[in-house]
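Asks: You'll find final17.cif just under this line, and it carries mmCIF, C-alpha atoms and all ligand atoms.
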data_query
loop_
_atom_site.label_atom_id
_atom_site.label_comp_id
_atom_site.auth_asym_id
_atom_site.auth_seq_id
_atom_site.Cartn_x
_atom_site.Cartn_y
_atom_site.Cartn_z
CA MET A 21 22.96 90.43 -105.65
CA HIS A 22 22.85 86.79 -104.57
CA LYS A 23 19.33 85.47 -104.96
CA GLU A 24 18.03 81.98 -104.36
CA VAL A 25 14.64 80.31 -104.51
CA LEU A 26 13.44 78.22 -101.57
CA ILE A 27 11.56 75.01 -102.34
CA ALA A 28 8.85 73.75 -99.98
CA PRO A 29 7.25 70.45 -101.07
CA SER A 30 3.65 70.08 -99.88
CA ILE A 31 3.29 66.72 -98.17
CA LEU A 32 -0.43 66.80 -98.95
CA SER A 33 0.65 64.92 -102.10
CA ALA A 34 2.84 62.41 -100.21
CA ASP A 35 2.04 58.75 -99.62
CA PHE A 36 0.76 58.90 -96.02
CA MET A 37 1.24 55.18 -95.53
CA HIS A 38 5.00 55.76 -95.90
CA LEU A 39 5.40 59.30 -94.64
CA GLY A 40 8.84 58.82 -93.05
CA ALA A 41 10.31 57.48 -96.30
CA GLU A 42 8.58 60.25 -98.25
CA LEU A 43 10.20 62.88 -96.00
CA ASP A 44 13.61 61.27 -96.57
CA ARG A 45 13.08 61.59 -100.32
CA ILE A 46 12.59 65.38 -100.13
CA ALA A 47 15.64 66.05 -97.96
CA THR A 48 17.19 68.33 -100.61
CA ALA A 49 14.33 70.83 -100.25
CA ASP A 50 14.47 73.88 -97.97
CA TYR A 51 11.22 73.50 -96.04
CA ILE A 52 8.47 70.93 -95.57
CA HIS A 53 5.14 72.56 -96.43
CA PHE A 54 2.46 71.30 -94.03
CA ASP A 55 -1.12 72.04 -95.13
CA VAL A 56 -3.63 72.14 -92.30
CA MET A 57 -7.25 72.05 -93.55
CA ASP A 58 -10.21 72.09 -91.19
CA GLY A 59 -13.15 71.23 -93.47
CA ASN A 60 -14.54 74.65 -92.60
CA PHE A 61 -12.33 77.48 -93.86
CA VAL A 62 -11.67 75.17 -96.80
CA PRO A 63 -13.88 72.30 -97.99
CA ASN A 64 -11.41 69.55 -97.12
CA LEU A 65 -9.77 67.97 -94.09
CA SER A 66 -6.08 67.11 -93.97
CA PHE A 67 -3.95 66.66 -90.87
CA GLY A 68 -2.97 68.56 -87.74
CA ILE A 69 -1.05 68.50 -84.49
CA PRO A 70 -0.26 64.77 -83.96
CA ILE A 71 1.12 64.39 -87.48
CA LEU A 72 3.07 67.65 -87.24
CA LYS A 73 4.76 66.39 -84.07
CA GLN A 74 5.77 63.17 -85.81
CA VAL A 75 7.00 65.01 -88.90
CA LYS A 76 9.13 67.26 -86.67
CA ALA A 77 10.52 64.26 -84.81
CA HIS A 78 11.56 62.58 -88.05
CA ALA A 79 12.67 65.37 -90.36
CA SER A 80 15.68 67.65 -90.24
CA LEU A 81 14.16 70.31 -92.52
CA PRO A 82 12.24 73.22 -90.98
CA VAL A 83 8.47 73.05 -91.30
CA ASP A 84 6.38 75.71 -93.03
CA VAL A 85 2.87 75.33 -91.57
CA HIS A 86 0.05 76.67 -93.76
CA LEU A 87 -3.07 77.03 -91.61
CA MET A 88 -6.24 76.88 -93.71
CA ILE A 89 -8.50 76.99 -90.68
CA LYS A 90 -11.17 79.20 -89.15
CA ASN A 91 -10.19 81.02 -85.95
CA PRO A 92 -6.43 80.61 -86.37
CA ASP A 93 -5.97 83.09 -83.48
CA LYS A 94 -6.87 80.30 -81.05
CA MET A 95 -4.40 77.80 -82.51
CA ILE A 96 -1.16 79.76 -82.85
CA ASP A 97 0.42 78.51 -79.62
CA THR A 98 -0.65 74.92 -80.22
CA TYR A 99 1.07 74.82 -83.62
CA LEU A 100 4.16 76.53 -82.24
CA ASP A 101 4.29 73.98 -79.42
CA ALA A 102 4.09 71.22 -82.04
CA GLY A 103 7.18 72.64 -83.75
CA ALA A 104 6.15 75.01 -86.56
CA ASP A 105 9.27 76.90 -87.69
CA LEU A 106 7.33 79.18 -90.03
CA LEU A 107 3.67 79.65 -89.15
CA CYS A 108 1.36 81.10 -91.77
CA PHE A 109 -2.33 81.96 -91.31
CA HIS A 110 -4.94 83.28 -93.73
CA ILE A 111 -5.69 86.97 -93.43
CA GLU A 112 -9.35 86.20 -94.34
CA ALA A 113 -9.69 84.11 -91.16
CA ALA A 114 -7.66 86.15 -88.69
CA LYS A 115 -9.28 88.40 -86.11
CA HIS A 116 -6.11 90.02 -84.74
CA ALA A 117 -3.43 89.55 -87.37
CA HIS A 118 -0.92 91.93 -85.80
CA ARG A 119 -1.27 90.29 -82.40
CA MET A 120 -0.75 86.87 -83.98
CA ILE A 121 2.40 87.96 -85.80
CA SER A 122 3.79 89.42 -82.56
CA ARG A 123 3.02 86.21 -80.69
CA ILE A 124 4.70 84.05 -83.35
CA HIS A 125 7.80 86.26 -83.12
CA GLU A 126 7.78 86.17 -79.31
CA ARG A 127 7.89 82.39 -79.56
CA GLY A 128 10.90 82.54 -81.88
CA ALA A 129 9.27 81.42 -85.14
CA LEU A 130 8.80 83.13 -88.49
CA ALA A 131 5.38 84.61 -89.27
CA GLY A 132 3.56 84.34 -92.58
CA VAL A 133 0.29 85.74 -93.88
CA ALA A 134 -1.61 84.01 -96.71
CA LEU A 135 -4.01 85.57 -99.23
CA ASN A 136 -6.59 83.72 -101.31
CA PRO A 137 -6.73 84.46 -105.04
CA GLY A 138 -9.79 86.70 -104.50
CA THR A 139 -8.28 88.71 -101.64
CA SER A 140 -6.89 92.18 -102.16
CA LEU A 141 -3.30 93.07 -101.32
CA ALA A 142 -4.75 96.13 -99.54
CA LEU A 143 -5.31 93.90 -96.48
CA LEU A 144 -1.54 93.62 -96.10
CA ASP A 145 -0.99 97.34 -95.91
CA SER A 146 -0.49 97.64 -92.14
CA LEU A 147 1.34 94.32 -91.83
CA LEU A 148 3.92 94.56 -94.57
CA CYS A 149 6.70 95.70 -92.26
CA ASP A 150 6.00 92.97 -89.69
CA VAL A 151 5.70 89.73 -91.61
CA ASP A 152 8.55 87.42 -92.60
CA MET A 153 6.62 85.75 -95.41
CA ILE A 154 3.66 86.52 -97.63
CA LEU A 155 1.90 83.54 -99.20
CA ILE A 156 0.09 84.31 -102.43
CA MET A 157 -2.33 81.49 -103.23
CA SER A 158 -2.28 80.67 -106.93
CA VAL A 159 -5.26 78.30 -106.59
CA ASN A 160 -8.28 78.43 -104.31
CA PRO A 161 -7.12 76.54 -101.24
CA GLY A 162 -8.43 73.12 -100.31
CA TYR A 163 -6.95 70.62 -102.74
CA GLY A 164 -3.68 69.62 -104.32
CA GLY A 165 -3.36 69.11 -108.07
CA GLN A 166 -5.31 72.19 -109.23
CA SER A 167 -4.30 74.48 -112.10
CA TYR A 168 -2.36 77.68 -111.55
CA ILE A 169 -4.49 80.85 -111.85
CA PRO A 170 -2.73 83.12 -114.39
CA THR A 171 -3.76 86.44 -112.76
CA THR A 172 -1.39 85.53 -109.90
CA ALA A 173 1.38 87.13 -111.96
CA GLN A 174 -0.20 90.59 -111.80
CA LYS A 175 -0.75 90.27 -108.08
CA LEU A 176 2.89 89.33 -107.54
CA LYS A 177 4.00 92.27 -109.60
CA LYS A 178 1.93 94.64 -107.45
CA LEU A 179 3.17 93.01 -104.27
CA HIS A 180 6.76 93.37 -105.36
CA ALA A 181 6.18 97.08 -106.00
CA LEU A 182 4.50 97.51 -102.59
CA CYS A 183 7.44 95.83 -100.84
CA GLN A 184 9.94 98.00 -102.66
CA GLU A 185 7.97 101.12 -101.75
CA ALA A 186 7.90 100.06 -98.10
CA GLY A 187 11.60 99.13 -98.17
CA VAL A 188 10.94 95.57 -96.98
CA SER A 189 11.78 92.20 -98.47
CA PRO A 190 9.70 89.43 -96.91
CA LEU A 191 9.81 85.97 -98.44
CA ILE A 192 7.20 85.78 -101.18
CA GLU A 193 5.77 82.29 -101.37
CA VAL A 194 3.44 81.00 -104.09
CA ASP A 195 1.28 77.92 -103.56
CA GLY A 196 -0.87 76.00 -106.04
CA GLY A 197 -0.24 74.59 -109.50
CA ILE A 198 3.49 75.21 -109.36
CA ASN A 199 5.60 73.23 -111.83
CA ALA A 200 8.80 74.08 -113.71
CA GLN A 201 6.93 76.36 -116.11
CA THR A 202 4.84 78.30 -113.60
CA ALA A 203 7.83 78.40 -111.22
CA GLN A 204 9.79 80.40 -113.74
CA GLU A 205 6.86 82.76 -114.30
CA VAL A 206 6.12 83.50 -110.63
CA CYS A 207 9.79 84.01 -109.80
CA SER A 208 10.14 86.44 -112.68
CA TYR A 209 7.47 88.45 -110.82
CA GLY A 210 9.28 88.36 -107.50
CA ALA A 211 8.35 85.08 -105.82
CA ASN A 212 11.27 83.44 -104.01
CA MET A 213 9.67 80.54 -102.18
CA LEU A 214 7.77 77.84 -104.06
CA VAL A 215 5.31 75.29 -102.73
CA ALA A 216 4.74 72.25 -104.91
CA GLY A 217 2.85 69.07 -104.17
CA SER A 218 1.93 67.15 -107.29
CA ALA A 219 5.02 68.38 -109.18
CA VAL A 220 7.35 66.94 -106.50
CA PHE A 221 5.74 63.68 -105.33
CA ARG A 222 6.03 61.69 -108.54
CA GLY A 223 8.96 60.00 -110.25
CA ASP A 224 12.32 61.24 -108.95
CA TYR A 225 11.54 63.68 -106.12
CA ALA A 226 15.10 65.03 -105.82
CA GLN A 227 15.20 65.69 -109.55
CA ASN A 228 11.81 67.43 -109.39
CA ILE A 229 13.05 69.65 -106.56
CA SER A 230 16.19 70.47 -108.52
CA ASP A 231 14.14 71.25 -111.66
CA LEU A 232 11.94 73.65 -109.68
CA ARG A 233 14.99 75.31 -108.17
CA VAL A 234 16.60 75.81 -111.57
CA ALA A 235 13.35 77.06 -113.14
CA GLY A 236 12.72 79.44 -110.23
CA LYS A 237 16.26 80.78 -110.36
CA SER A 238 15.97 81.40 -114.10
CA GLY A 239 12.78 83.37 -113.35
CA LEU A 240 14.52 85.42 -110.66
CA ASP A 241 17.33 86.18 -113.09
CA LEU A 242 14.78 87.50 -115.61
CA GLN A 243 13.52 89.97 -113.03
CA ILE A 244 14.47 93.56 -113.61
C1 LIG B 301 -3.76 73.88 -101.54
C2 LIG B 301 -2.53 73.67 -100.68
C3 LIG B 301 -1.30 73.42 -101.46
C4 LIG B 301 -1.32 72.17 -102.30
C5 LIG B 301 -0.42 72.38 -103.49
O1 LIG B 301 -4.81 74.31 -100.77
O2 LIG B 301 -2.30 74.81 -99.87
O3 LIG B 301 -0.13 73.49 -100.67
O4 LIG B 301 -0.94 71.02 -101.61
O5 LIG B 301 -0.55 71.29 -104.34
P1 LIG B 301 -0.14 71.38 -105.89
O6 LIG B 301 1.29 71.79 -105.96
O7 LIG B 301 -0.41 70.02 -106.38
O8 LIG B 301 -1.04 72.44 -106.52
ZN ZN B 302 -0.33 75.12 -98.86
#
Is it possible to give me this structure as structure tokens?
Replies:
Amino acid sequence: MHKEVLIAPSILSADFMHLGAELDRIATADYIHFDVMDGNFVPNLSFGIPILKQVKAHASLPVDVHLMIKNPDKMIDTYLDAGADLLCFHIEAAKHAHRMISRIHERGALAGVALNPGTSLALLDSLLCDVDMILIMSVNPGYGGQSYIPTTAQKLKKLHALCQEAGVSPLIEVDGGINAQTAQEVCSYGANMLVAGSAVFRGDYAQNISDLRVAGKSGLDLQI
């Protein structure tokens, strides 16, 4: 079976004063990961619609929008209008998750659901067959540069089993503290899409992306 790992650099760690040039330097990635923080669902503010529109106008890569906001139900259409290719909301914040996923699909985008480290996989039960991507947070959301939480591995293992049981294979994205070492670990437990901020935006970005890809692939190959 042909298996690849998708790499989605988080531009939260980019140099915002030179965002266009920063986007050019991650052109070998698969997605741009766009972290929207509202200072409410998470204790930090980042960026939103106007910046997303500019990123879309500049970049050729698809954009993976990670909404860390309260009341995401109200914002789905606005983020789709701004160009989200993959739109992911937190299950802890959603009022009508199924309706949101249907709406995202109606609008022709991919739908993702994110879970905080303290959130049970049980909340995914009725959504597993509908989502295109499941985002397992490996840090508590709100900041870049945090350390990977080791219990993520067990959660990924359970999720992989649940997906196999349901006969579905959504993208499984992991976000937070991902570097070459943790990339290999999470992919050995079934992750196939990696977000990385601080591990990409330093030194040689293209090399960092390639290192993550190689490490992730070696993890996937370890998988039984
Ligand atoms: C955290 C964000 C992440 C963050 C990852 O709340 O969702 O996408 O930017 O940053 P690193 O890779 O530095 O942990
Ligand atoms: Zn994120």
Asks: Using all atoms listed in the file, which of the listed residues (A:Cys149, A:Leu232, A:Ile192, A:Leu100) sits closest to Ala134 of chain A?
Replies: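 Closest to Ala134 of chain A of all the choices is A:Ile192.
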Asks: Please measure the separation of atom CA of Leu176 of chain A and atom CA of Pro63 of chain A, giving the value in Å to one decimal.
Replies: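 Taking atom CA of Leu176 of chain A as the start and atom CA of Pro63 of chain A as the end point, the length is 25.7 Å.
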Asks: Quote the spacing between atom CA of Gln243 of chain A and atom CA of Tyr209 of chain A in Å to one decimal place.
Replies: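 The value is 6.6 Å.
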Asks: Using all atoms listed in the file, which residue out of A:His53, A:His180, A:Lys90, A:Arg127 lies closest to ligand ZN 302 (chain B)?
Replies: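 Comparing A:His53, A:His180, A:Lys90, A:Arg127 against ligand ZN 302 (chain B), the winner is A:His53.
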Asks: Show me which residues are within 7 Å of ligand LIG 301 (chain B) counting all atoms listed in the file, and format the list as a ChimeraX atom specification.
Replies: /A:30-33,53,55,86,159-167,195-198,215-219
Asks: Could you turn the residues from that selection into a file that holds C-alpha atoms, as a short mmCIF file (atom, residue, chain, number, x, y, z; two decimals), in the frame of the given file?
Replies:
data_model
loop_
_atom_site.label_atom_id
_atom_site.label_comp_id
_atom_site.auth_asym_id
_atom_site.auth_seq_id
_atom_site.Cartn_x
_atom_site.Cartn_y
_atom_site.Cartn_z
CA SER A 30 3.65 70.08 -99.88
CA ILE A 31 3.29 66.72 -98.17
CA LEU A 32 -0.43 66.80 -98.95
CA SER A 33 0.65 64.92 -102.10
CA HIS A 53 5.14 72.56 -96.43
CA ASP A 55 -1.12 72.04 -95.13
CA HIS A 86 0.05 76.67 -93.76
CA VAL A 159 -5.26 78.30 -106.59
CA ASN A 160 -8.28 78.43 -104.31
CA PRO A 161 -7.12 76.54 -101.24
CA GLY A 162 -8.43 73.12 -100.31
CA TYR A 163 -6.95 70.62 -102.74
CA GLY A 164 -3.68 69.62 -104.32
CA GLY A 165 -3.36 69.11 -108.07
CA GLN A 166 -5.31 72.19 -109.23
CA SER A 167 -4.30 74.48 -112.10
CA ASP A 195 1.28 77.92 -103.56
CA GLY A 196 -0.87 76.00 -106.04
CA GLY A 197 -0.24 74.59 -109.50
CA ILE A 198 3.49 75.21 -109.36
CA VAL A 215 5.31 75.29 -102.73
CA ALA A 216 4.74 72.25 -104.91
CA GLY A 217 2.85 69.07 -104.17
CA SER A 218 1.93 67.15 -107.29
CA ALA A 219 5.02 68.38 -109.18
#
Asks: Under the rule that all atoms listed in the file are counted, which of A:Ile69, A:Val83, A:Met120, A:Val194 is the nearest residue to ligand ZN 302 (chain B)?
Replies: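 Nearest candidate to ligand ZN 302 (chain B) out of A:Ile69, A:Val83, A:Met120, A:Val194: A:Val194.
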Asks: Expressed in Å to a single decimal, how great is the separation between atom CA of Gly187 of chain A and atom CA of Val206 of chain A?
Replies: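 Atom CA of Gly187 of chain A sits 20.7 Å away from atom CA of Val206 of chain A.
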Asks: Out of A:Thr172, A:Gln74, A:Ser140, A:Ser158, which residue has the shortest atom-to-atom distance to ligand ZN 302 (chain B) when counting only C-alpha atoms and all ligand atoms?
Replies: A:Ser158
Asks: Using only C-alpha atoms and all ligand atoms, pick whichever of A:Glu126, A:Glu112, A:Asp241, A:Glu193 has the shortest atom-to-atom distance to ligand ZN 302 (chain B).
Replies: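 Checking each of A:Glu126, A:Glu112, A:Asp241, A:Glu193 against ligand ZN 302 (chain B), counting only C-alpha atoms and all ligand atoms, the winner is A:Glu193.
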Asks: Quick one: residues within 9 Å of Leu147 of chain A, all atoms listed in the file, excluding same-chain residues fewer than 4 positions away - as a PyMOL selection string?
Replies: chain A and resi 117-118+121+133+143+151
Asks: For Gln184 of chain A, which residue among A:Ala200, A:Leu148, A:Leu81, A:Ile229 is the nearest when counting all atoms listed in the file?
Replies: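 Between A:Ala200, A:Leu148, A:Leu81, A:Ile229, the residue approaching Gln184 of chain A most closely is A:Leu148.
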Asks: Would you pick out the contacts of Lys76 of chain A at 12 Å or less, using only C-alpha atoms, so that residues sharing its chain but fewer than 2 positions from it are not included, and give the list as a count of residues only?
Replies: 28
Asks: Please enclose the listed atoms of segment 71-80 of chain A in an axis-aligned box, pad each side by 6 Å, and write out the centre and the three edge lengths in Å, rounded to one decimal, as lines of an AutoDock Vina configuration file.
Replies:
center_x = 8.4
center_y = 65.1
center_z = -87.2
size_x = 26.6
size_y = 17.1
size_z = 18.3
Asks: Do you know which residues are at most 9 Å from Leu65 of chain A counting all atoms listed in the file, after dropping those on the same chain fewer than 5 positions away, and could you put them as JSON, numbers by chain?
Replies: {"A": [56, 57, 58, 59, 60, 162]}
Asks: Dump C-alpha atoms for the selected residues as a compact mmCIF listing (two decimals), keeping the file's coordinate frame?
Replies:
# COMPACT_ATOMS: atom_id res chain seq x y z
CA VAL A 56 -3.63 72.14 -92.30
CA MET A 57 -7.25 72.05 -93.55
CA ASP A 58 -10.21 72.09 -91.19
CA GLY A 59 -13.15 71.23 -93.47
CA ASN A 60 -14.54 74.65 -92.60
CA GLY A 162 -8.43 73.12 -100.31
Asks: Rebuild N, CA and C atoms on segment 94-126 of chain A, as a PDB file, in the coordinates of the input?
Replies:
ATOM      1  N   LYS A  94      -6.812  81.210 -82.208  1.00  0.00           N
ATOM      2  CA  LYS A  94      -6.870  80.300 -81.050  1.00  0.00           C
ATOM      3  C   LYS A  94      -5.835  79.187 -81.136  1.00  0.00           C
ATOM      4  N   MET A  95      -5.237  78.990 -82.311  1.00  0.00           N
ATOM      5  CA  MET A  95      -4.400  77.800 -82.510  1.00  0.00           C
ATOM      6  C   MET A  95      -2.900  78.092 -82.643  1.00  0.00           C
ATOM      7  N   ILE A  96      -2.555  79.378 -82.623  1.00  0.00           N
ATOM      8  CA  ILE A  96      -1.160  79.760 -82.850  1.00  0.00           C
ATOM      9  C   ILE A  96      -0.203  79.031 -81.883  1.00  0.00           C
ATOM     10  N   ASP A  97      -0.502  79.108 -80.598  1.00  0.00           N
ATOM     11  CA  ASP A  97       0.420  78.510 -79.620  1.00  0.00           C
ATOM     12  C   ASP A  97       0.499  76.998 -79.756  1.00  0.00           C
ATOM     13  N   THR A  98      -0.628  76.384 -80.076  1.00  0.00           N
ATOM     14  CA  THR A  98      -0.650  74.920 -80.220  1.00  0.00           C
ATOM     15  C   THR A  98       0.268  74.481 -81.358  1.00  0.00           C
ATOM     16  N   TYR A  99       0.217  75.195 -82.475  1.00  0.00           N
ATOM     17  CA  TYR A  99       1.070  74.820 -83.620  1.00  0.00           C
ATOM     18  C   TYR A  99       2.538  75.164 -83.366  1.00  0.00           C
ATOM     19  N   LEU A 100       2.769  76.221 -82.592  1.00  0.00           N
ATOM     20  CA  LEU A 100       4.160  76.530 -82.240  1.00  0.00           C
ATOM     21  C   LEU A 100       4.703  75.468 -81.287  1.00  0.00           C
ATOM     22  N   ASP A 101       3.871  75.049 -80.344  1.00  0.00           N
ATOM     23  CA  ASP A 101       4.290  73.980 -79.420  1.00  0.00           C
ATOM     24  C   ASP A 101       4.623  72.697 -80.189  1.00  0.00           C
ATOM     25  N   ALA A 102       3.875  72.453 -81.267  1.00  0.00           N
ATOM     26  CA  ALA A 102       4.090  71.220 -82.040  1.00  0.00           C
ATOM     27  C   ALA A 102       5.314  71.321 -82.946  1.00  0.00           C
ATOM     28  N   GLY A 103       5.902  72.529 -83.041  1.00  0.00           N
ATOM     29  CA  GLY A 103       7.180  72.640 -83.750  1.00  0.00           C
ATOM     30  C   GLY A 103       7.186  73.432 -85.037  1.00  0.00           C
ATOM     31  N   ALA A 104       6.132  74.197 -85.329  1.00  0.00           N
ATOM     32  CA  ALA A 104       6.150  75.010 -86.560  1.00  0.00           C
ATOM     33  C   ALA A 104       7.347  75.967 -86.531  1.00  0.00           C
ATOM     34  N   ASP A 105       8.124  75.966 -87.597  1.00  0.00           N
ATOM     35  CA  ASP A 105       9.270  76.900 -87.690  1.00  0.00           C
ATOM     36  C   ASP A 105       8.822  78.181 -88.366  1.00  0.00           C
ATOM     37  N   LEU A 106       7.936  78.037 -89.342  1.00  0.00           N
ATOM     38  CA  LEU A 106       7.330  79.180 -90.030  1.00  0.00           C
ATOM     39  C   LEU A 106       5.831  78.925 -89.943  1.00  0.00           C
ATOM     40  N   LEU A 107       5.112  79.859 -89.345  1.00  0.00           N
ATOM     41  CA  LEU A 107       3.670  79.650 -89.150  1.00  0.00           C
ATOM     42  C   LEU A 107       2.905  80.703 -89.935  1.00  0.00           C
ATOM     43  N   CYS A 108       2.065  80.222 -90.840  1.00  0.00           N
ATOM     44  CA  CYS A 108       1.360  81.100 -91.770  1.00  0.00           C
ATOM     45  C   CYS A 108      -0.149  80.917 -91.618  1.00  0.00           C
ATOM     46  N   PHE A 109      -0.863  82.025 -91.437  1.00  0.00           N
ATOM     47  CA  PHE A 109      -2.330  81.960 -91.310  1.00  0.00           C
ATOM     48  C   PHE A 109      -2.958  82.781 -92.424  1.00  0.00           C
ATOM     49  N   HIS A 110      -4.234  82.515 -92.704  1.00  0.00           N
ATOM     50  CA  HIS A 110      -4.940  83.280 -93.730  1.00  0.00           C
ATOM     51  C   HIS A 110      -5.480  84.585 -93.157  1.00  0.00           C
ATOM     52  N   ILE A 111      -5.233  85.655 -93.872  1.00  0.00           N
ATOM     53  CA  ILE A 111      -5.690  86.970 -93.430  1.00  0.00           C
ATOM     54  C   ILE A 111      -7.231  87.012 -93.403  1.00  0.00           C
ATOM     55  N   GLU A 112      -7.881  86.209 -94.274  1.00  0.00           N
ATOM     56  CA  GLU A 112      -9.350  86.200 -94.340  1.00  0.00           C
ATOM     57  C   GLU A 112      -9.958  85.614 -93.067  1.00  0.00           C
ATOM     58  N   ALA A 113      -9.164  84.821 -92.330  1.00  0.00           N
ATOM     59  CA  ALA A 113      -9.690  84.110 -91.160  1.00  0.00           C
ATOM     60  C   ALA A 113      -9.243  84.738 -89.844  1.00  0.00           C
ATOM     61  N   ALA A 114      -8.262  85.626 -89.921  1.00  0.00           N
ATOM     62  CA  ALA A 114      -7.660  86.150 -88.690  1.00  0.00           C
ATOM     63  C   ALA A 114      -8.480  87.284 -88.094  1.00  0.00           C
ATOM     64  N   LYS A 115      -8.596  87.289 -86.772  1.00  0.00           N
ATOM     65  CA  LYS A 115      -9.280  88.400 -86.110  1.00  0.00           C
ATOM     66  C   LYS A 115      -8.274  89.475 -85.714  1.00  0.00           C
ATOM     67  N   HIS A 116      -7.124  89.065 -85.212  1.00  0.00           N
ATOM     68  CA  HIS A 116      -6.110  90.020 -84.740  1.00  0.00           C
ATOM     69  C   HIS A 116      -4.768  89.650 -85.359  1.00  0.00           C
ATOM     70  N   ALA A 117      -4.630  89.984 -86.639  1.00  0.00           N
ATOM     71  CA  ALA A 117      -3.430  89.550 -87.370  1.00  0.00           C
ATOM     72  C   ALA A 117      -2.152  90.095 -86.742  1.00  0.00           C
ATOM     73  N   HIS A 118      -2.150  91.346 -86.354  1.00  0.00           N
ATOM     74  CA  HIS A 118      -0.920  91.930 -85.800  1.00  0.00           C
ATOM     75  C   HIS A 118      -0.532  91.244 -84.493  1.00  0.00           C
ATOM     76  N   ARG A 119      -1.539  90.981 -83.667  1.00  0.00           N
ATOM     77  CA  ARG A 119      -1.270  90.290 -82.400  1.00  0.00           C
ATOM     78  C   ARG A 119      -0.699  88.893 -82.659  1.00  0.00           C
ATOM     79  N   MET A 120      -1.230  88.225 -83.669  1.00  0.00           N
ATOM     80  CA  MET A 120      -0.750  86.870 -83.980  1.00  0.00           C
ATOM     81  C   MET A 120       0.704  86.894 -84.450  1.00  0.00           C
ATOM     82  N   ILE A 121       1.015  87.859 -85.297  1.00  0.00           N
ATOM     83  CA  ILE A 121       2.400  87.960 -85.800  1.00  0.00           C
ATOM     84  C   ILE A 121       3.345  88.219 -84.624  1.00  0.00           C
ATOM     85  N   SER A 122       2.939  89.118 -83.721  1.00  0.00           N
ATOM     86  CA  SER A 122       3.790  89.420 -82.560  1.00  0.00           C
ATOM     87  C   SER A 122       3.997  88.175 -81.706  1.00  0.00           C
ATOM     88  N   ARG A 123       2.922  87.422 -81.513  1.00  0.00           N
ATOM     89  CA  ARG A 123       3.020  86.210 -80.690  1.00  0.00           C
ATOM     90  C   ARG A 123       3.965  85.184 -81.332  1.00  0.00           C
ATOM     91  N   ILE A 124       3.838  85.014 -82.649  1.00  0.00           N
ATOM     92  CA  ILE A 124       4.700  84.050 -83.350  1.00  0.00           C
ATOM     93  C   ILE A 124       6.163  84.479 -83.177  1.00  0.00           C
ATOM     94  N   HIS A 125       6.425  85.768 -83.296  1.00  0.00           N
ATOM     95  CA  HIS A 125       7.800  86.260 -83.120  1.00  0.00           C
ATOM     96  C   HIS A 125       8.283  86.069 -81.677  1.00  0.00           C
ATOM     97  N   GLU A 126       7.423  86.368 -80.723  1.00  0.00           N
ATOM     98  CA  GLU A 126       7.780  86.170 -79.310  1.00  0.00           C
ATOM     99  C   GLU A 126       8.232  84.742 -79.045  1.00  0.00           C
TER     100      GLU A 126
END
